[in-house]
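Participant: Got a file for you: start_36.txt, compact mmCIF, C-alpha atoms and all ligand atoms.
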# COMPACT_ATOMS: atom_id res chain seq x y z
CA MET S 1 119.00 95.42 50.42
CA SER S 2 121.33 94.02 53.05
CA TYR S 3 124.54 92.15 52.22
CA VAL S 4 124.85 90.65 55.70
CA VAL S 5 125.19 86.86 55.55
CA ALA S 6 126.01 85.68 59.08
CA LEU S 7 127.54 86.34 62.45
CA LYS S 8 131.06 84.94 62.73
CA CYS S 9 133.18 84.30 65.81
CA ARG S 10 136.27 86.52 65.80
CA ASN S 11 138.11 83.82 67.69
CA CYS S 12 137.27 80.38 66.20
CA GLY S 13 135.40 81.37 63.02
CA GLU S 14 132.17 79.51 63.92
CA LYS S 15 129.18 81.00 62.05
CA TYR S 16 125.72 81.82 63.38
CA GLN S 17 122.43 83.02 61.90
CA ILE S 18 121.53 86.68 62.30
CA LYS S 19 120.08 86.78 65.83
CA PRO S 20 120.35 89.01 68.90
CA ILE S 21 123.45 87.26 70.25
CA SER S 22 127.03 88.42 70.77
CA ILE S 23 129.07 85.51 72.16
CA CYS S 24 130.20 82.26 70.50
CA ASP S 25 128.74 79.11 72.10
CA GLU S 26 131.87 77.15 71.21
CA CYS S 27 134.64 79.34 72.63
CA PHE S 28 132.95 82.42 74.22
CA GLY S 29 134.65 84.65 71.62
CA PRO S 30 132.91 87.81 70.38
CA LEU S 31 130.75 87.60 67.25
CA GLU S 32 131.12 89.94 64.28
CA VAL S 33 128.85 90.70 61.32
CA GLU S 34 129.91 89.08 58.03
CA TYR S 35 128.97 90.40 54.58
CA ASP S 36 128.95 89.03 51.06
CA PHE S 37 131.84 91.22 49.89
CA GLU S 38 131.61 90.12 46.26
CA LYS S 39 128.04 91.42 46.08
CA VAL S 40 128.95 94.61 47.97
CA LYS S 41 131.75 95.20 45.46
CA GLU S 42 129.29 95.04 42.55
CA ASN S 43 127.00 97.56 44.23
CA ILE S 44 129.32 100.20 45.65
CA SER S 45 131.42 102.95 44.12
CA ARG S 46 132.91 106.31 45.14
CA GLU S 47 130.30 108.09 43.01
CA LYS S 48 127.38 106.21 44.53
CA ILE S 49 128.59 106.93 48.05
CA GLU S 50 129.11 110.62 47.26
CA LYS S 51 125.52 110.91 46.02
CA GLY S 52 124.11 109.19 49.12
CA PRO S 53 122.42 110.75 52.17
CA LYS S 54 124.52 113.07 54.33
CA THR S 55 124.43 110.57 57.20
CA ILE S 56 126.00 107.21 58.07
CA TRP S 57 123.43 105.60 55.74
CA ARG S 58 125.51 106.66 52.72
CA TYR S 59 127.49 103.47 53.59
CA LYS S 60 124.40 101.26 54.02
CA GLU S 61 125.84 98.46 51.86
CA LEU S 62 128.51 98.02 54.56
CA LEU S 63 126.18 98.15 57.55
CA PRO S 64 123.69 95.68 59.04
CA ALA S 65 120.84 97.99 58.06
CA GLY S 66 117.39 96.69 58.92
CA LYS S 67 114.28 97.54 56.94
CA LYS S 68 113.39 100.41 59.28
CA ILE S 69 115.60 103.08 60.76
CA VAL S 70 115.16 105.70 63.50
CA ASP S 71 116.90 108.56 61.78
CA LEU S 72 118.27 111.39 63.92
CA LYS S 73 120.76 111.95 61.06
CA ALA S 74 123.97 110.74 62.66
CA GLY S 75 127.24 111.05 60.77
CA LEU S 76 128.98 112.95 58.01
CA THR S 77 130.39 115.31 60.62
CA PRO S 78 133.08 117.85 59.62
CA LEU S 79 136.74 117.03 59.08
CA HIS S 80 138.65 120.25 59.79
CA ARG S 81 142.13 121.02 58.60
CA ALA S 82 143.70 122.14 61.89
CA ASP S 83 146.54 124.46 60.88
CA ASN S 84 146.62 126.44 64.14
CA LEU S 85 147.00 123.37 66.31
CA ALA S 86 149.41 121.84 63.79
CA GLU S 87 151.63 124.93 63.97
CA LYS S 88 151.58 124.89 67.75
CA LEU S 89 152.75 121.25 67.80
CA GLY S 90 155.07 121.51 64.79
CA LEU S 91 153.01 119.12 62.65
CA LYS S 92 152.81 119.44 58.87
CA GLU S 93 149.27 118.26 58.17
CA LEU S 94 146.72 117.77 60.93
CA TYR S 95 142.96 117.18 60.76
CA VAL S 96 140.27 117.12 63.44
CA LYS S 97 137.32 114.79 62.87
CA ASN S 98 134.73 116.67 64.90
CA ASP S 99 132.22 114.01 65.85
CA SER S 100 131.00 116.05 68.81
CA VAL S 101 128.34 117.65 66.59
CA ASN S 102 126.26 114.51 66.14
CA PRO S 103 122.54 114.65 67.15
CA THR S 104 123.21 113.85 70.82
CA PHE S 105 126.73 115.31 70.73
CA SER S 106 128.91 112.21 70.60
CA PHE S 107 129.95 109.50 68.15
CA LYS S 108 127.62 107.07 69.93
CA ASP S 109 124.77 108.12 67.62
CA ARG S 110 126.49 106.06 64.90
CA VAL S 111 126.49 102.79 66.84
CA VAL S 112 123.02 103.41 68.23
CA ALA S 113 121.47 104.20 64.83
CA VAL S 114 122.75 100.86 63.48
CA SER S 115 121.81 98.74 66.50
CA VAL S 116 118.33 100.30 66.81
CA SER S 117 117.64 99.53 63.16
CA GLN S 118 118.57 95.91 63.85
CA ALA S 119 116.49 95.91 67.07
CA LEU S 120 113.42 96.95 65.07
CA ASP S 121 114.07 94.14 62.57
CA PHE S 122 114.23 91.63 65.43
CA GLY S 123 110.88 92.99 66.70
CA PHE S 124 112.11 94.42 70.04
CA ASP S 125 109.98 97.15 71.63
CA THR S 126 112.46 98.05 74.41
CA LEU S 127 115.95 99.51 74.11
CA ALA S 128 118.52 99.26 76.88
CA CYS S 129 122.24 99.82 77.49
CA ALA S 130 125.06 99.94 80.00
CA SER S 131 126.72 103.32 79.53
CA THR S 132 129.62 105.50 80.62
CA GLY S 133 127.40 108.50 79.73
CA ASN S 134 127.36 109.23 76.03
CA LEU S 135 125.65 106.02 75.00
CA ALA S 136 122.92 106.75 77.57
CA SER S 137 121.73 109.95 75.93
CA SER S 138 121.97 108.52 72.44
CA VAL S 139 119.92 105.40 73.24
CA ALA S 140 117.35 107.50 75.14
CA ALA S 141 117.03 109.94 72.21
CA HIS S 142 116.57 107.16 69.65
CA ALA S 143 113.99 105.47 71.90
CA ALA S 144 112.09 108.76 72.13
CA LYS S 145 112.10 109.31 68.37
CA GLY S 146 111.18 105.66 67.67
CA ASN S 147 108.43 105.48 70.36
CA LEU S 148 110.24 102.61 72.10
CA ASN S 149 110.53 101.76 75.80
CA CYS S 150 113.91 102.50 77.27
CA TYR S 151 116.06 101.36 80.23
CA ILE S 152 119.43 103.01 80.75
CA PHE S 153 122.01 101.87 83.32
CA VAL S 154 124.87 104.18 84.32
CA PRO S 155 127.45 104.46 87.12
CA ALA S 156 126.23 106.77 89.89
CA ASP S 157 129.14 109.25 89.64
CA LEU S 158 128.38 110.47 86.11
CA ASN S 159 128.81 114.04 84.83
CA VAL S 160 125.75 116.20 85.64
CA ALA S 161 125.16 117.26 82.03
CA LYS S 162 125.14 113.68 80.79
CA ILE S 163 122.48 112.74 83.36
CA THR S 164 120.38 115.85 82.65
CA GLN S 165 120.55 115.38 78.90
CA THR S 166 119.58 111.70 79.19
CA LEU S 167 116.66 112.45 81.55
CA ALA S 168 115.28 115.04 79.13
CA TYR S 169 114.38 112.21 76.71
CA GLU S 170 112.45 110.53 79.60
CA PRO S 171 113.87 106.99 79.66
CA ASN S 172 113.95 104.83 82.79
CA LEU S 173 117.38 105.83 84.10
CA ILE S 174 118.95 103.49 86.62
CA SER S 175 121.93 104.89 88.49
CA VAL S 176 124.04 102.02 89.82
CA GLU S 177 126.31 102.40 92.84
CA GLY S 178 129.46 101.11 91.22
CA ASN S 179 131.78 101.74 88.27
CA TYR S 180 131.09 100.96 84.61
CA ASP S 181 132.41 97.41 84.90
CA ASP S 182 129.88 96.76 87.72
CA VAL S 183 127.10 98.27 85.58
CA ASN S 184 128.08 96.14 82.59
CA ARG S 185 128.14 92.95 84.66
CA LEU S 186 124.69 93.70 86.07
CA CYS S 187 123.29 94.45 82.60
CA THR S 188 124.68 91.20 81.17
CA GLU S 189 122.72 89.41 83.89
CA ILE S 190 119.56 91.45 83.29
CA ALA S 191 119.80 90.80 79.53
CA GLY S 192 119.47 87.08 80.30
CA TYR S 193 116.09 87.64 82.00
CA TYR S 194 114.42 90.40 80.00
CA ASN S 195 113.67 90.38 76.29
CA TRP S 196 115.20 93.80 75.68
CA ALA S 197 117.56 95.08 73.00
CA PHE S 198 120.66 95.89 75.04
CA VAL S 199 122.47 97.71 72.24
CA ASN S 200 125.99 97.06 73.57
CA ILE S 201 125.33 93.58 75.00
CA ASN S 202 123.05 91.22 73.03
CA LEU S 203 123.18 93.51 69.95
CA ARG S 204 126.90 94.27 70.29
CA PRO S 205 128.00 92.82 66.90
CA TYR S 206 125.58 95.17 65.08
CA TYR S 207 126.26 98.13 67.39
CA ALA S 208 130.02 97.87 66.82
CA GLU S 209 129.61 98.05 63.02
CA GLY S 210 128.36 101.65 63.35
CA SER S 211 131.86 102.79 64.35
CA LYS S 212 133.27 101.72 60.96
CA THR S 213 131.63 104.82 59.50
CA LEU S 214 134.22 106.93 61.37
CA GLY S 215 136.82 105.13 59.26
CA TYR S 216 134.89 105.48 55.98
CA GLU S 217 134.12 109.19 56.42
CA VAL S 218 137.68 110.24 57.13
CA VAL S 219 138.90 108.40 54.02
CA GLU S 220 136.19 110.00 51.89
CA GLN S 221 136.78 113.48 53.36
CA LEU S 222 140.55 113.23 52.78
CA GLY S 223 139.77 112.74 49.07
CA TRP S 224 139.69 108.92 49.13
CA GLU S 225 142.87 108.41 51.10
CA ALA S 226 143.61 106.84 54.49
CA PRO S 227 145.69 109.05 56.83
CA ASP S 228 149.25 108.17 57.91
CA ARG S 229 148.23 108.37 61.57
CA ALA S 230 144.93 108.24 63.47
CA VAL S 231 144.72 109.07 67.18
CA VAL S 232 141.66 107.43 68.75
CA PRO S 233 140.13 107.61 72.25
CA VAL S 234 139.77 104.16 73.78
CA GLY S 235 137.27 102.78 76.32
CA SER S 236 136.22 99.22 75.47
CA GLY S 237 138.47 99.31 72.38
CA SER S 238 135.60 98.74 69.95
CA LEU S 239 135.80 102.13 68.22
CA LEU S 240 139.54 101.76 67.55
CA THR S 241 139.22 98.29 66.01
CA LYS S 242 136.33 99.40 63.81
CA ILE S 243 138.06 102.51 62.45
CA TRP S 244 140.86 100.19 61.31
CA LYS S 245 138.29 97.77 59.87
CA GLY S 246 136.63 100.67 58.02
CA TYR S 247 139.89 101.74 56.31
CA ASN S 248 140.68 98.13 55.34
CA GLU S 249 137.22 97.37 53.96
CA PHE S 250 137.58 100.34 51.58
CA LEU S 251 140.91 98.84 50.50
CA GLU S 252 139.38 95.40 50.00
CA LEU S 253 136.58 96.93 47.91
CA GLY S 254 139.09 98.75 45.70
CA LEU S 255 137.79 102.19 46.78
CA ILE S 256 141.35 103.12 47.85
CA ASP S 257 144.78 101.77 46.89
CA GLU S 258 146.55 101.49 50.22
CA VAL S 259 146.23 101.70 53.98
CA ASN S 260 149.39 102.62 55.88
CA THR S 261 147.68 104.18 58.88
CA LYS S 262 149.42 103.86 62.21
CA ILE S 263 146.54 103.51 64.66
CA THR S 264 147.29 105.19 67.97
CA ALA S 265 145.32 104.58 71.18
CA SER S 266 144.78 107.26 73.81
CA GLN S 267 143.53 106.81 77.37
CA ALA S 268 143.57 108.67 80.68
CA THR S 269 146.48 107.49 82.84
CA GLY S 270 143.94 106.84 85.64
CA CYS S 271 142.26 104.19 83.47
CA SER S 272 144.69 102.94 80.84
CA PRO S 273 144.64 99.12 80.75
CA ILE S 274 145.14 98.99 76.96
CA VAL S 275 147.90 101.61 76.78
CA THR S 276 149.73 100.02 79.71
CA ALA S 277 149.54 96.53 78.14
CA PHE S 278 150.80 97.87 74.79
CA ARG S 279 153.69 99.83 76.26
CA SER S 280 154.80 97.07 78.62
CA GLY S 281 154.25 94.26 76.09
CA SER S 282 152.08 92.38 78.57
CA GLU S 283 148.49 91.15 78.60
CA ILE S 284 145.64 93.45 79.61
CA LYS S 285 145.18 93.63 83.37
CA PRO S 286 141.83 95.08 84.54
CA VAL S 287 142.08 98.27 86.63
CA LYS S 288 139.83 100.37 88.87
CA PRO S 289 139.35 103.76 87.12
CA LYS S 290 140.58 106.85 88.98
CA THR S 291 140.33 109.88 86.69
CA ILE S 292 138.15 112.87 85.78
CA GLU S 293 137.66 111.17 82.39
CA LYS S 294 134.39 109.20 82.73
CA SER S 295 133.53 108.41 79.07
CA LEU S 296 136.54 106.11 78.68
CA ALA S 297 136.51 104.77 82.24
CA ILE S 298 136.30 101.06 81.40
CA GLY S 299 138.69 99.11 83.61
CA ASN S 300 138.07 95.74 81.94
CA PRO S 301 137.79 96.50 78.21
CA ALA S 302 135.68 94.00 76.22
CA ASP S 303 137.61 94.55 72.98
CA GLY S 304 140.99 95.18 74.58
CA TYR S 305 142.66 92.12 73.08
CA TYR S 306 141.54 93.06 69.56
CA ALA S 307 142.52 96.71 70.05
CA LEU S 308 146.04 95.60 71.03
CA ARG S 309 146.19 93.46 67.91
CA VAL S 310 145.28 96.46 65.73
CA LEU S 311 147.97 98.60 67.37
CA LYS S 312 150.58 95.95 66.55
CA GLU S 313 149.29 95.14 63.06
CA SER S 314 149.13 98.81 62.04
CA LYS S 315 152.55 99.58 63.58
CA GLY S 316 150.85 102.16 65.74
CA THR S 317 151.43 103.15 69.32
CA ALA S 318 149.59 104.19 72.47
CA GLY S 319 149.81 106.97 75.03
CA SER S 320 148.08 108.14 78.17
CA VAL S 321 147.72 111.52 79.88
CA SER S 322 147.12 112.81 83.40
CA ASP S 323 143.98 114.70 84.45
CA GLU S 324 145.90 118.01 84.18
CA GLU S 325 147.00 117.15 80.65
CA ILE S 326 143.38 116.30 79.74
CA ILE S 327 142.27 119.80 80.83
CA GLU S 328 145.18 121.36 78.92
CA GLY S 329 144.16 119.31 75.87
CA ILE S 330 140.55 120.56 76.02
CA LYS S 331 141.74 124.18 76.30
CA LEU S 332 144.36 123.80 73.57
CA LEU S 333 141.83 122.50 71.04
CA ALA S 334 139.30 125.20 71.96
CA LYS S 335 141.72 128.10 71.67
CA THR S 336 143.52 126.94 68.53
CA GLU S 337 140.68 125.43 66.49
CA GLY S 338 137.46 126.75 68.06
CA ILE S 339 136.29 123.22 68.90
CA PHE S 340 135.03 122.56 72.42
CA THR S 341 135.41 118.92 73.39
CA GLU S 342 134.69 116.83 76.46
CA THR S 343 137.33 114.98 78.47
CA ALA S 344 137.68 112.16 75.89
CA GLY S 345 138.81 114.79 73.35
CA GLY S 346 141.19 116.26 75.94
CA VAL S 347 142.73 112.79 76.21
CA VAL S 348 143.25 112.64 72.44
CA VAL S 349 144.78 116.12 72.12
CA GLY S 350 146.97 115.56 75.18
CA THR S 351 148.19 112.23 73.81
CA LEU S 352 148.90 113.75 70.38
CA LYS S 353 150.99 116.51 72.00
CA LYS S 354 152.89 114.05 74.16
CA LEU S 355 153.70 111.63 71.34
CA VAL S 356 154.76 114.43 68.97
CA GLU S 357 157.06 115.82 71.67
CA SER S 358 158.55 112.38 72.34
CA GLY S 359 159.11 111.86 68.61
CA GLU S 360 156.83 108.78 68.44
CA ILE S 361 154.54 110.65 66.06
CA ASP S 362 156.53 111.96 63.11
CA LYS S 363 155.88 115.63 62.28
CA ASP S 364 155.54 114.82 58.58
CA GLU S 365 152.71 112.31 59.00
CA LYS S 366 149.26 113.24 57.74
CA THR S 367 147.48 112.92 61.08
CA VAL S 368 143.79 112.73 62.02
CA ILE S 369 142.58 113.08 65.60
CA TYR S 370 139.15 111.73 66.47
CA ILE S 371 137.16 114.11 68.69
CA THR S 372 134.18 112.04 69.76
CA GLY S 373 132.27 114.03 72.39
CA ASN S 374 131.12 117.59 73.10
CA GLY S 375 132.59 119.92 75.73
CA LEU S 376 129.17 120.89 77.10
CA LYS S 377 128.90 117.38 78.57
CA THR S 378 131.81 117.69 81.02
CA GLN S 379 131.82 121.37 81.97
CA GLU S 380 132.41 120.76 85.67
CA VAL S 381 136.02 119.66 85.06
CA LEU S 382 136.79 123.00 83.45
CA ILE S 383 134.83 125.54 85.47
CA SER S 384 137.63 126.28 87.95
CA LYS S 385 140.31 126.11 85.23
CA VAL S 386 139.15 128.94 82.96
CA ALA S 387 139.35 132.73 83.42
CA LYS S 388 136.52 134.55 85.19
CA PRO S 389 134.23 136.85 83.17
CA ILE S 390 134.72 140.60 83.65
CA LYS S 391 131.68 141.84 85.62
CA ILE S 392 130.39 145.39 85.07
CA LYS S 393 127.21 147.43 85.49
CA PRO S 394 125.40 148.35 82.23
CA ASP S 395 127.37 151.60 81.96
CA LEU S 396 129.83 152.83 79.32
CA ASN S 397 132.27 154.30 81.87
CA GLU S 398 132.40 151.02 83.76
CA PHE S 399 133.11 149.20 80.52
CA GLU S 400 135.92 151.58 79.58
CA GLN S 401 137.47 151.33 83.05
CA ALA S 402 137.33 147.55 82.85
CA LEU S 403 138.81 147.63 79.37
CA SER S 404 141.73 149.87 80.33
CA ALA S 405 142.40 147.71 83.41
CA LYS S 406 142.41 144.65 81.18
CA GLN S 407 144.71 146.32 78.65
CA LYS S 408 147.12 147.31 81.42
CA ILE S 409 147.24 143.66 82.50
CA LEU S 410 147.83 142.53 78.92
CA VAL S 411 150.62 145.08 78.39
CA LYS S 412 152.19 144.05 81.70
CA GLU S 413 151.99 140.36 80.75
CA ALA S 414 153.66 141.12 77.41
CA GLY S 415 156.59 142.64 79.37
CA ILE S 416 156.25 146.16 77.89
CA TRP S 417 156.02 147.72 81.37
C1 LIG W 501 133.20 110.27 73.76
C2 LIG W 501 133.67 108.86 73.68
N1 LIG W 501 134.74 108.60 72.92
C3 LIG W 501 135.25 107.35 72.81
C4 LIG W 501 134.69 106.28 73.48
C5 LIG W 501 135.35 104.92 73.37
O1 LIG W 501 134.61 104.01 72.68
P1 LIG W 501 134.90 102.44 72.83
O2 LIG W 501 134.26 102.01 74.11
O3 LIG W 501 134.26 101.84 71.61
O4 LIG W 501 136.39 102.24 72.88
C6 LIG W 501 133.55 106.49 74.29
C7 LIG W 501 132.94 105.36 74.99
O5 LIG W 501 131.95 105.43 75.64
C8 LIG W 501 133.03 107.81 74.39
O6 LIG W 501 131.96 108.09 75.13
ZN ZN W 502 134.18 80.87 68.74
Can you turn what I pasted into structure tokens?
Ligand SMILES: Cc1ncc(COP(=O)(O)O)c(C=O)c1O
Ligand SMILES: [Zn+2]
Facilitator:
Amino acid sequence: MSYVVALKCRNCGEKYQIKPISICDECFGPLEVEYDFEKVKENISREKIEKGPKTIWRYKELLPAGKKIVDLKAGLTPLHRADNLAEKLGLKELYVKNDSVNPTFSFKDRVVAVSVSQALDFGFDTLACASTGNLASSVAAHAAKGNLNCYIFVPADLNVAKITQTLAYEPNLISVEGNYDDVNRLCTEIAGYYNWAFVNINLRPYYAEGSKTLGYEVVEQLGWEAPDRAVVPVGSGSLLTKIWKGYNEFLELGLIDEVNTKITASQATGCSPIVTAFRSGSEIKPVKPKTIEKSLAIGNPADGYYALRVLKESKGTAGSVSDEEIIEGIKLLAKTEGIFTETAGGVVVGTLKKLVESGEIDKDEKTVIYITGNGLKTQEVLISKVAKPIKIKPDLNEFEQALSAKQKILVKEAGIW
């Protein structure tokens, strides 16, 4: 049973039938899925959700779920209380939403699961996307599982692991000589000629709804409470706006009593159009990305305007970090919490640290950081920044020599010598 009633323009409010479209004919504004909230309210409760599947489909009343799904079991990823990292930064109560353990190792499995379900309902037999890397592997994996054709378009300078992972699912992978914004422009053109389900272009309204589940889950996992602060990685801005929407839909449905979450955007300084606009109080100016952070490297963010609105409405803030700070962020999370994230997670941890140090994030706030991708995807940025392994022959004496040499170094570093 779906409670979806229409597509609605986020700009002028014009309504459309449920179709594979994403832009308003009247004003070119983006379309969003609309639900019959009165009916949803009658059919949803905390208890019902808690008894549901351990995937995003526990929130199916609030998703544009088609009749069929391709189920790789995305969602319900762990929320860790992060006391070690909290202590290091001087925070009172910090949580890590570890979404890097999804089926293809990023949060993109949520948006893909929802849009593929809708694609099947529309009768498409071919999936496609423009991707900064993580969407590519998720779409390819869902196409493989659902026996669908698949065309993936990515910028040519992508991380090796993201390309290898995607190719393992055997899609048609098209590597475009250009940045993500070039890839996206090309795909928008291609989508006009080919009858394919481009999950983040003609199916974008449905795709975007999948990210709301990252709002719902955190509230449920905190014991039916929205956090005081959420730090979110930002590319197009869609994820950030949908986390906020997720918290507020639970409020509207009476599942929680209040939402006072300050939504906080994080980007790499080398591609930070949304953070720059927020901090300077200006409009978003497109940029050419120049950073090791590829997942968020969107110079002309499709949902930038709406992301800025959420930052203002929620009384949040925004911060960006350098490439060095991204690496430090990845290492800090790994060594304090045992969670290995990709560069997007390094951006989030680096931004959290920076904003706590500057006093913009209050140490008493119950804070959640969203870690949305896995460290195995961007290993090349780290390889020269970690210690070397200790090499020995398979011999006990060699081991003991190496150990005593290591201990001498440790004692020396501790200043005992
Ligand atoms: C790991 C990761 N986190 C966050 C994002 C940002 O998502 P959005 O484009 O919805 O802002 C992306 C986008 O590709 C991503 O790959
Ligand atoms: Zn409109």
Participant: Smallest atom-to-atom distance to Asn84 (chain S): which of S:Asn134, S:Thr336, S:Asn200, S:Gln407, using all atoms listed in the file?
Facilitator: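 Once distances to Asn84 (chain S) are computed over all atoms listed in the file, the minimum belongs to S:Thr336.
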Participant: Taking (131.0, 111.6, 64.1) in the file's coordinates as the center, which residues reach within 8 Å of it, counting only C-alpha atoms, put as a PyMOL selection string?
Facilitator: chain S and resi 74-78+97-102+106-107+109-110+214+372
Participant: Using only C-alpha atoms and all ligand atoms for the distances, tell me which of S:Asp228, S:Glu170, S:Asp303, S:Glu14 is nearest to ligand LIG 501 (chain W).
Facilitator: S:Asp303
Participant: Could you give me, as JSON lines, every chain S residue with an atom at most 10 Å from ligand ZN 502 (chain W), plus its closest atom pair and distance in Å to one decimal, counting only C-alpha atoms and all ligand atoms, rows ordered by chain then number?
Facilitator:
{"residue": "S:Lys8", "atom": "CA", "partner": "W:ZN502", "partner_atom": "ZN", "distance": 7.9}
{"residue": "S:Cys9", "atom": "CA", "partner": "W:ZN502", "partner_atom": "ZN", "distance": 4.6}
{"residue": "S:Arg10", "atom": "CA", "partner": "W:ZN502", "partner_atom": "ZN", "distance": 6.7}
{"residue": "S:Asn11", "atom": "CA", "partner": "W:ZN502", "partner_atom": "ZN", "distance": 5.0}
{"residue": "S:Cys12", "atom": "CA", "partner": "W:ZN502", "partner_atom": "ZN", "distance": 4.0}
{"residue": "S:Gly13", "atom": "CA", "partner": "W:ZN502", "partner_atom": "ZN", "distance": 5.9}
{"residue": "S:Glu14", "atom": "CA", "partner": "W:ZN502", "partner_atom": "ZN", "distance": 5.4}
{"residue": "S:Lys15", "atom": "CA", "partner": "W:ZN502", "partner_atom": "ZN", "distance": 8.4}
{"residue": "S:Ile23", "atom": "CA", "partner": "W:ZN502", "partner_atom": "ZN", "distance": 7.7}
{"residue": "S:Cys24", "atom": "CA", "partner": "W:ZN502", "partner_atom": "ZN", "distance": 4.6}
{"residue": "S:Asp25", "atom": "CA", "partner": "W:ZN502", "partner_atom": "ZN", "distance": 6.6}
{"residue": "S:Glu26", "atom": "CA", "partner": "W:ZN502", "partner_atom": "ZN", "distance": 5.0}
{"residue": "S:Cys27", "atom": "CA", "partner": "W:ZN502", "partner_atom": "ZN", "distance": 4.2}
{"residue": "S:Phe28", "atom": "CA", "partner": "W:ZN502", "partner_atom": "ZN", "distance": 5.8}
{"residue": "S:Gly29", "atom": "CA", "partner": "W:ZN502", "partner_atom": "ZN", "distance": 4.8}
{"residue": "S:Pro30", "atom": "CA", "partner": "W:ZN502", "partner_atom": "ZN", "distance": 7.2}
{"residue": "S:Leu31", "atom": "CA", "partner": "W:ZN502", "partner_atom": "ZN", "distance": 7.7}
Participant: Calculated over only C-alpha atoms and all ligand atoms, which of the candidates S:Ser295, S:Ser404, S:Asn43, S:Gln165 has the smallest distance to ligand LIG 501 (chain W)?
Facilitator: S:Ser295
Participant: Enumerate as a ChimeraX atom specification the residues within 9 Å of ligand LIG 501 (chain W), counting only C-alpha atoms and all ligand atoms.
Facilitator: /S:99-100,105-108,131-135,208,211,232-242,294-298,301-304,307,341-345,370-374
Participant: Enclose the full set of atoms of region 98-117 of chain S listed in the file within a box whose edges lie along x, y and z, apply 3 Å of padding to each of the six sides, and report centre and edge lengths in Å to one decimal as lines of an AutoDock Vina configuration file.
Facilitator:
center_x = 126.2
center_y = 108.2
center_z = 67.0
size_x = 23.1
size_y = 24.9
size_z = 13.7
Participant: Compare S:Leu62, S:Val183, S:Leu332, S:Ala402 by their minimum atom-to-atom distance to Thr213 (chain S), counting only C-alpha atoms, and give me the closest one.
Facilitator: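 Closest to Thr213 (chain S) of all the choices is S:Leu62.
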Participant: Compare S:Asn159, S:Thr164, S:Trp196, S:Lys335 by their minimum atom-to-atom distance to Val381 (chain S), counting all atoms listed in the file, and give me the closest one.
Facilitator: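 Looking at the shortest contact to Val381 (chain S), the residue is S:Asn159.
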Participant: Lys92 (chain S): which residues within 12 Å, counting all atoms listed in the file, same-chain residues fewer than 5 positions away excluded, as a list in words?
Facilitator: Arg81, Ala82, Asp83, Asn84, Leu85, Ala86, Glu87, Asp228, Val356, Ile361, Asp362, Lys363, Asp364, Glu365, Lys366, Thr367 and Val368 of chain S
Participant: Do a neighbour search on Trp224 (chain S) at 12 Å with only C-alpha atoms, toss out local chain neighbours closer than 3 positions, and write the hits as number ranges by chain.
Facilitator: S: 45-47, 49-50, 215-221, 227, 247, 250-251, 254-259
Participant: Provide the CA of Lys315 (chain S) to CA of Arg229 (chain S) distance in Å, to one decimal place.
Facilitator: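 A separation of 10.0 Å between them.
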Participant: Which of these residues is nearest to Ala136 (chain S), using all atoms listed in the file: S:Thr104, S:Ser117, S:Thr317, S:Asn149?
Facilitator: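 Between S:Thr104, S:Ser117, S:Thr317, S:Asn149, the residue approaching Ala136 (chain S) most closely is S:Thr104.
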Participant: Please, what distance in Å, to one decimal, runs between CA of Phe122 (chain S) and CA of Glu42 (chain S)?
Facilitator: 27.6 Å
Participant: Can you pull out the residues contacting Ser280 (chain S)? Cut-off 12 Å, using only C-alpha atoms, and skip same-chain residues under 4 positions away; I want them as a short mmCIF file (atom, residue, chain, number, x, y, z; two decimals) with C-alpha atoms, in the coordinates of the input.
Facilitator:
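See part-v6.cif below for the written result:
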data_model
loop_
_atom_site.label_atom_id
_atom_site.label_comp_id
_atom_site.auth_asym_id
_atom_site.auth_seq_id
_atom_site.Cartn_x
_atom_site.Cartn_y
_atom_site.Cartn_z
CA SER S 272 144.69 102.94 80.84
CA PRO S 273 144.64 99.12 80.75
CA ILE S 274 145.14 98.99 76.96
CA VAL S 275 147.90 101.61 76.78
CA THR S 276 149.73 100.02 79.71
CA ILE S 284 145.64 93.45 79.61
CA LYS S 285 145.18 93.63 83.37
CA LEU S 308 146.04 95.60 71.03
CA THR S 317 151.43 103.15 69.32
CA ALA S 318 149.59 104.19 72.47
CA GLY S 319 149.81 106.97 75.03
#
Participant: Which value, in Å to one decimal, gives the distance between CA of Leu382 (chain S) and CA of Val96 (chain S)?
Facilitator: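 Going from CA of Leu382 (chain S) over to CA of Val96 (chain S), I get 21.1 Å.
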